[in-house]
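Undergrad: Just dropping this structure here.
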Amino acid sequence: MALPAGAAQAENFQAEFDKVFGKELRAPREVQPTVRPFVAPVRPVTTYGGSLEATVASLADAAQGRIGVAAMDLGTGRTFAVLGDQPFPMASTSKIAIAATYLDLVDQGKLKLSDKFPLMIPQRSARFSSPAAPVRPGAMLSAQGLIELAITRSDNPATDALLAAVGGPAAVNRWIRKAGLSGMRLDRDIATLVRDDGEFNPATTVDLRDSATPLAMVQLLAGLHQGRWLSASSRSVLLGAMERCLTGKRRLPAMLPQEARVAHKTGTLSNTSSDVGIIQTPDGRAIAIAVYVTGQGGKPNRDYRIASISRAVYDGYLTESSSLRRTASR
């Protein structure tokens, strides 16, 4: 896919500012935490209507830490989920909503992709020592460049620059509500999220701050893919960046066939890993998927869970599609 206008310039910015990039995310505190213990459901979780659901449910076994999955065939609307209504830490998957909020303001004529803002560079401070972690302004980049860095490299200073430009977490939450999405909220900037990581164990505790349910994230992805909220040009900027994502090579794309295309965004916090995105099949189908994994004995195991669930969803939807086509041709 060709780079959108201005993206080549953003890539030049990347080379210049590699030294300030931050690729890892963590976890929480700023407002009073709203938390509850996770109680694993008695198995079977529910009665699944087909082999796809049963396969994914077995891969999403919460015995070693809760796992949330949602997937939607964007052609038919066929959706299923495992713990789909349970909040999980968004981590860097929140950067999709932050970028969408900025692009919506571009569509309204209030901001431009060429507008420049400083990177928000975090400064050393003790955990929980202030409601918001201190930052200092860094190099000036265009919003186009900031979006490219935030999505493709999961760059935290770039994300916080966009977040400051739109008006902070409250502005993102207003856009989420305007889009009609529930089960998703942003409470802190990324610098604070990183600094205060690990306050709660996400494998055993549900922290509602900076969280999303898998179903809410899939609905966000579906709406972006279908052009429900952004102009065609803004949609191209965001989904194009997601196609160029450089993180998470061992997650959603890892076990998919080479001909499958993936536009995605990863998230990594203490004891939790995630990947959300849109998988394009060779025959033109599109599948929105969100996988949030906690525990599992470490990051390699969490990555493996995400990759194996992604492949099961891919194979399951293709098998169903082939079966439906055979039935219709009789």
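Each chain of the structure tokens is named A, B, ... in the order shown, its residues numbered from 1; ligands are numbered from 1 in display order.
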Please provide the set of residues having any atom within 12 Å of Asn301 (chain A), restricted to only C-alpha atoms, with same-chain residues fewer than 4 positions apart removed, written as a ChimeraX atom specification.

TA: /A:59,64-65,250-251,271-274,293-297,305-308

Undergrad: Mind dumping a table of every region 199-255 of chain A residue within 10 Å of region 172-179 of chain A, with the nearest atom pair and its distance in Å to one decimal, using only C-alpha atoms, sorted by chain and rising number, as JSON lines?

TA:
```
{"residue": "A:Gln219", "atom": "CA", "partner": "A:Ala179", "partner_atom": "CA", "distance": 9.9}
{"residue": "A:Leu220", "atom": "CA", "partner": "A:Ala179", "partner_atom": "CA", "distance": 8.4}
{"residue": "A:Gly223", "atom": "CA", "partner": "A:Ala179", "partner_atom": "CA", "distance": 8.6}
{"residue": "A:Arg228", "atom": "CA", "partner": "A:Ala179", "partner_atom": "CA", "distance": 8.5}
{"residue": "A:Trp229", "atom": "CA", "partner": "A:Ala179", "partner_atom": "CA", "distance": 6.9}
```

Undergrad: So that I can check the surroundings of Ala171 (chain A), please list as JSON, numbers by chain every protein, DNA and RNA residue that reaches within 9 Å of it, counting only C-alpha atoms and ignoring chain neighbours fewer than 5 positions away.

TA: {"A": [98, 101, 163, 166, 176]}

Undergrad: Restrict the selected residues to C-alpha atoms and save them as a PDB file, in the first residue's frame.

TA:
```pdb
ATOM      1  CA  ILE A  98      -6.393   8.869  20.313  1.00  0.00           C
ATOM      2  CA  THR A 101      -9.931  11.746  17.864  1.00  0.00           C
ATOM      3  CA  LEU A 163      -3.298  13.593  23.297  1.00  0.00           C
ATOM      4  CA  VAL A 166      -6.849  17.154  21.232  1.00  0.00           C
ATOM      5  CA  ILE A 176     -15.763   7.576  22.016  1.00  0.00           C
TER       6      ILE A 176
END
```

Undergrad: Record the distance separating CA of Ala288 (chain A) and CA of Gly240 (chain A), expressed in Å with one decimal.

TA: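 That distance, rounded to one decimal, is 15.2 Å.
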
Undergrad: Using only C-alpha atoms, which protein or nucleic acid residues come within 12 Å of Gly267 (chain A)? Drop anything in the same chain fewer than 6 positions from it, and give the result as a PyMOL selection string.

TA: chain A and resi 23-27+88-96+150-156+190+194+210-212+245+247-248+251-252+273-277+290-294+299+302-303+306

Undergrad: Emit the selected residues as a CSV table (one decimal), in the first residue's frame, including N, CA and C atoms.

TA:
```
chain,number,residue,atom,x,y,z
A,23,LYS,N,9.0,2.4,23.1
A,23,LYS,CA,8.1,1.4,22.5
A,23,LYS,C,7.3,0.6,23.5
A,24,GLU,N,7.6,0.7,24.8
A,24,GLU,CA,6.9,-0.2,25.7
A,24,GLU,C,5.9,0.6,26.5
A,25,LEU,N,4.8,0.0,26.9
A,25,LEU,CA,3.8,0.6,27.7
A,25,LEU,C,3.6,-0.2,29.0
A,26,ARG,N,3.0,0.4,29.9
A,26,ARG,CA,2.8,-0.2,31.2
A,26,ARG,C,1.4,-0.1,31.8
A,27,ALA,N,1.2,0.4,33.1
A,27,ALA,CA,-0.1,0.5,33.6
A,27,ALA,C,-0.5,1.7,34.5
A,88,PHE,N,-10.4,-5.0,29.9
A,88,PHE,CA,-9.0,-5.3,30.0
A,88,PHE,C,-8.2,-4.1,29.8
A,89,PRO,N,-6.9,-4.0,30.3
A,89,PRO,CA,-6.1,-2.9,30.1
A,89,PRO,C,-5.9,-2.6,28.6
A,90,MET,N,-6.2,-1.4,28.1
A,90,MET,CA,-6.0,-1.1,26.7
A,90,MET,C,-4.6,-1.0,26.3
A,91,ALA,N,-3.7,-0.5,27.3
A,91,ALA,CA,-2.3,-0.3,27.0
A,91,ALA,C,-2.2,0.5,25.7
A,92,SER,N,-1.3,0.2,24.8
A,92,SER,CA,-1.1,1.0,23.6
A,92,SER,C,-2.2,0.8,22.5
A,93,THR,N,-3.1,-0.1,22.7
A,93,THR,CA,-4.3,-0.2,21.8
A,93,THR,C,-5.1,1.0,21.9
A,94,SER,N,-5.0,1.8,23.0
A,94,SER,CA,-5.8,3.1,23.1
A,94,SER,C,-5.3,4.1,22.1
A,95,LYS,N,-4.1,3.9,21.5
A,95,LYS,CA,-3.6,4.9,20.5
A,95,LYS,C,-4.4,5.0,19.3
A,96,ILE,N,-5.2,3.9,19.0
A,96,ILE,CA,-6.1,4.0,17.8
A,96,ILE,C,-7.2,5.0,18.1
A,150,ALA,N,3.2,7.0,16.5
A,150,ALA,CA,2.3,6.4,17.6
A,150,ALA,C,1.8,5.1,17.2
A,151,ILE,N,1.4,4.9,15.9
A,151,ILE,CA,0.8,3.7,15.5
A,151,ILE,C,1.8,2.6,15.1
A,152,THR,N,2.8,3.0,14.2
A,152,THR,CA,3.7,2.0,13.7
A,152,THR,C,4.8,1.6,14.7
A,153,ARG,N,5.2,2.5,15.5
A,153,ARG,CA,6.2,2.2,16.5
A,153,ARG,C,5.8,2.2,17.9
A,154,SER,N,4.5,2.5,18.1
A,154,SER,CA,3.9,2.6,19.5
A,154,SER,C,4.7,3.6,20.3
A,155,ASP,N,5.1,4.7,19.7
A,155,ASP,CA,5.9,5.7,20.3
A,155,ASP,C,5.1,6.5,21.4
A,156,ASN,N,5.5,6.5,22.6
A,156,ASN,CA,4.8,7.2,23.7
A,156,ASN,C,4.8,8.7,23.7
A,190,ILE,N,0.0,8.7,28.5
A,190,ILE,CA,0.8,7.5,28.4
A,190,ILE,C,2.0,7.6,29.4
A,194,VAL,N,2.8,4.6,32.1
A,194,VAL,CA,4.0,3.9,32.1
A,194,VAL,C,4.7,4.0,33.5
A,210,ASP,N,-8.5,3.2,32.0
A,210,ASP,CA,-7.8,3.0,30.7
A,210,ASP,C,-8.0,1.6,30.2
A,211,SER,N,-9.3,1.2,30.1
A,211,SER,CA,-9.7,-0.1,29.8
A,211,SER,C,-10.6,-0.2,28.6
A,212,ALA,N,-10.7,-1.3,28.0
A,212,ALA,CA,-11.7,-1.6,26.9
A,212,ALA,C,-12.1,-3.0,27.0
A,245,CYS,N,2.4,-1.3,10.9
A,245,CYS,CA,2.8,-1.5,12.3
A,245,CYS,C,4.1,-2.3,12.4
A,247,THR,N,5.5,-3.3,15.5
A,247,THR,CA,5.5,-4.0,16.7
A,247,THR,C,4.6,-5.3,16.6
A,248,GLY,N,4.8,-6.2,17.5
A,248,GLY,CA,3.9,-7.4,17.6
A,248,GLY,C,4.0,-8.4,16.5
A,251,ARG,N,2.6,-11.6,17.4
A,251,ARG,CA,1.3,-11.6,17.9
A,251,ARG,C,0.3,-11.9,16.7
A,252,LEU,N,-0.6,-11.0,16.4
A,252,LEU,CA,-1.7,-11.4,15.4
A,252,LEU,C,-1.1,-11.9,14.1
A,273,SER,N,-0.5,-8.5,27.6
A,273,SER,CA,-0.2,-8.2,26.2
A,273,SER,C,-1.4,-8.3,25.4
A,274,SER,N,-1.5,-7.5,24.3
A,274,SER,CA,-2.7,-7.4,23.5
A,274,SER,C,-2.3,-7.1,22.1
A,275,ASP,N,-3.2,-7.4,21.2
A,275,ASP,CA,-3.1,-7.0,19.8
A,275,ASP,C,-4.5,-6.9,19.2
A,276,VAL,N,-4.8,-5.9,18.5
A,276,VAL,CA,-6.1,-5.7,17.9
A,276,VAL,C,-5.9,-5.2,16.5
A,277,GLY,N,-6.8,-5.6,15.6
A,277,GLY,CA,-6.7,-5.1,14.2
A,277,GLY,C,-7.6,-5.7,13.3
A,290,ALA,N,-9.9,-8.6,18.3
A,290,ALA,CA,-9.2,-8.0,19.5
A,290,ALA,C,-8.9,-9.1,20.5
A,291,VAL,N,-7.6,-9.2,20.9
A,291,VAL,CA,-7.2,-10.3,21.8
A,291,VAL,C,-6.4,-9.6,22.9
A,292,TYR,N,-6.9,-9.8,24.2
A,292,TYR,CA,-6.3,-9.2,25.4
A,292,TYR,C,-5.9,-10.4,26.3
A,293,VAL,N,-4.6,-10.5,26.6
A,293,VAL,CA,-4.1,-11.7,27.3
A,293,VAL,C,-3.4,-11.3,28.6
A,294,THR,N,-3.7,-11.9,29.7
A,294,THR,CA,-3.0,-11.6,30.9
A,294,THR,C,-2.3,-12.9,31.4
A,299,LYS,N,5.6,-13.1,28.9
A,299,LYS,CA,5.3,-12.5,27.6
A,299,LYS,C,5.4,-13.5,26.4
A,302,ARG,N,2.2,-15.2,26.4
A,302,ARG,CA,1.1,-14.4,26.0
A,302,ARG,C,1.1,-14.1,24.5
A,303,ASP,N,2.2,-13.9,23.9
A,303,ASP,CA,2.3,-13.7,22.5
A,303,ASP,C,1.8,-14.9,21.7
A,306,ILE,N,-1.9,-15.1,21.7
A,306,ILE,CA,-2.5,-14.2,20.7
A,306,ILE,C,-2.4,-14.7,19.3
```

Undergrad: One number please: CA of Gly168 (chain A) to CA of Arg188 (chain A), in Å, one decimal.

TA: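 Separation between CA of Gly168 (chain A) and CA of Arg188 (chain A): 8.2 Å.
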
Undergrad: Give me the residues within 9 Å of Ala164 (chain A) as number ranges by chain, counting only C-alpha atoms and dropping any in the same chain fewer than 6 places off.

TA: A: 117, 120, 189

Undergrad: Could you save those same residues with all heavy atoms as a CSV table (one decimal), in the first residue's frame?

TA:
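New file part_9.csv:
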```csv
chain,number,residue,atom,x,y,z
A,117,PHE,N,3.5,19.9,16.7
A,117,PHE,CA,3.4,19.8,18.1
A,117,PHE,C,4.7,19.2,18.7
A,117,PHE,O,5.3,18.3,18.0
A,117,PHE,CB,2.2,19.0,18.6
A,117,PHE,CG,0.9,19.5,18.0
A,117,PHE,CD1,0.4,18.9,16.8
A,117,PHE,CD2,0.2,20.5,18.6
A,117,PHE,CE1,-0.8,19.3,16.3
A,117,PHE,CE2,-1.0,20.9,18.1
A,117,PHE,CZ,-1.5,20.4,16.9
A,120,MET,N,6.2,14.8,23.8
A,120,MET,CA,6.1,15.0,25.2
A,120,MET,C,7.0,13.9,25.9
A,120,MET,O,6.7,12.8,26.0
A,120,MET,CB,4.7,14.7,25.7
A,120,MET,CG,3.7,15.8,25.2
A,120,MET,SD,3.9,17.4,26.1
A,120,MET,CE,4.8,18.4,24.9
A,189,ASP,N,-2.6,10.0,30.6
A,189,ASP,CA,-1.7,10.1,29.5
A,189,ASP,C,-0.8,8.9,29.6
A,189,ASP,O,-0.7,8.2,30.6
A,189,ASP,CB,-1.0,11.4,29.4
A,189,ASP,CG,-0.1,11.7,30.6
A,189,ASP,OD1,0.2,10.8,31.4
A,189,ASP,OD2,0.3,12.9,30.7
```

Undergrad: Please, what distance in Å, to one decimal, runs between CA of Leu246 (chain A) and CA of Asp207 (chain A)?

TA: 28.1 Å

Undergrad: Looking at only C-alpha atoms, which of A:Val237, A:Thr205, A:Gly183, A:Lys110 is the one that sits closest to Gly145 (chain A)?

TA: A:Val237

Undergrad: Looking only at the backbone, which of the residues in region 187-326 of chain A does DSSP tag as strand (DSSP E), as a PyMOL selection string?

TA: chain A and resi 205-207+211-212+261-269+272-280+286-294

Undergrad: Within 7 Å of Thr213 (chain A), counting only C-alpha atoms, which residues qualify if same-chain residues fewer than 3 places away don't, as a PyMOL selection string?

TA: chain A and resi 84-88+183-184+216-217

Undergrad: Report as a list in words all protein, DNA and RNA residues lying within 8 Å of region 230-235 of chain A, evaluated on only C-alpha atoms, omitting residues in the same chain fewer than 3 positions from it.

TA: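 Those residues are Ala100, Leu103, Asp104, Val106, Asp107, Leu224, His225, Gly227, Leu238, Leu239 and Gly240 of chain A.
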
Undergrad: For the residues in the current selection, export C-alpha atoms as a PDB file, in the first residue's frame.

TA:
```pdb
ATOM      1  CA  ALA A 100      -9.042   8.836  15.562  1.00  0.00           C
ATOM      2  CA  LEU A 103      -8.341  12.905  12.733  1.00  0.00           C
ATOM      3  CA  ASP A 104     -11.969  13.713  13.534  1.00  0.00           C
ATOM      4  CA  VAL A 106      -9.025  17.393  11.087  1.00  0.00           C
ATOM      5  CA  ASP A 107     -12.258  16.414   9.337  1.00  0.00           C
ATOM      6  CA  LEU A 224     -13.150   2.679  11.242  1.00  0.00           C
ATOM      7  CA  HIS A 225     -12.959   0.054   8.489  1.00  0.00           C
ATOM      8  CA  GLY A 227     -15.889   4.604   7.235  1.00  0.00           C
ATOM      9  CA  LEU A 238      -5.018   5.645  10.393  1.00  0.00           C
ATOM     10  CA  LEU A 239      -5.551   2.264   8.769  1.00  0.00           C
ATOM     11  CA  GLY A 240      -2.512   2.800   6.549  1.00  0.00           C
TER      12      GLY A 240
END
```

Undergrad: When DSSP is applied to the backbone of this structure, which of region 73-229 of chain A are assigned helix (DSSP H, G or I)? Write them out as a ChimeraX atom specification.

TA: /A:91-107,143-152,156-166,169-178,190-195,214-225
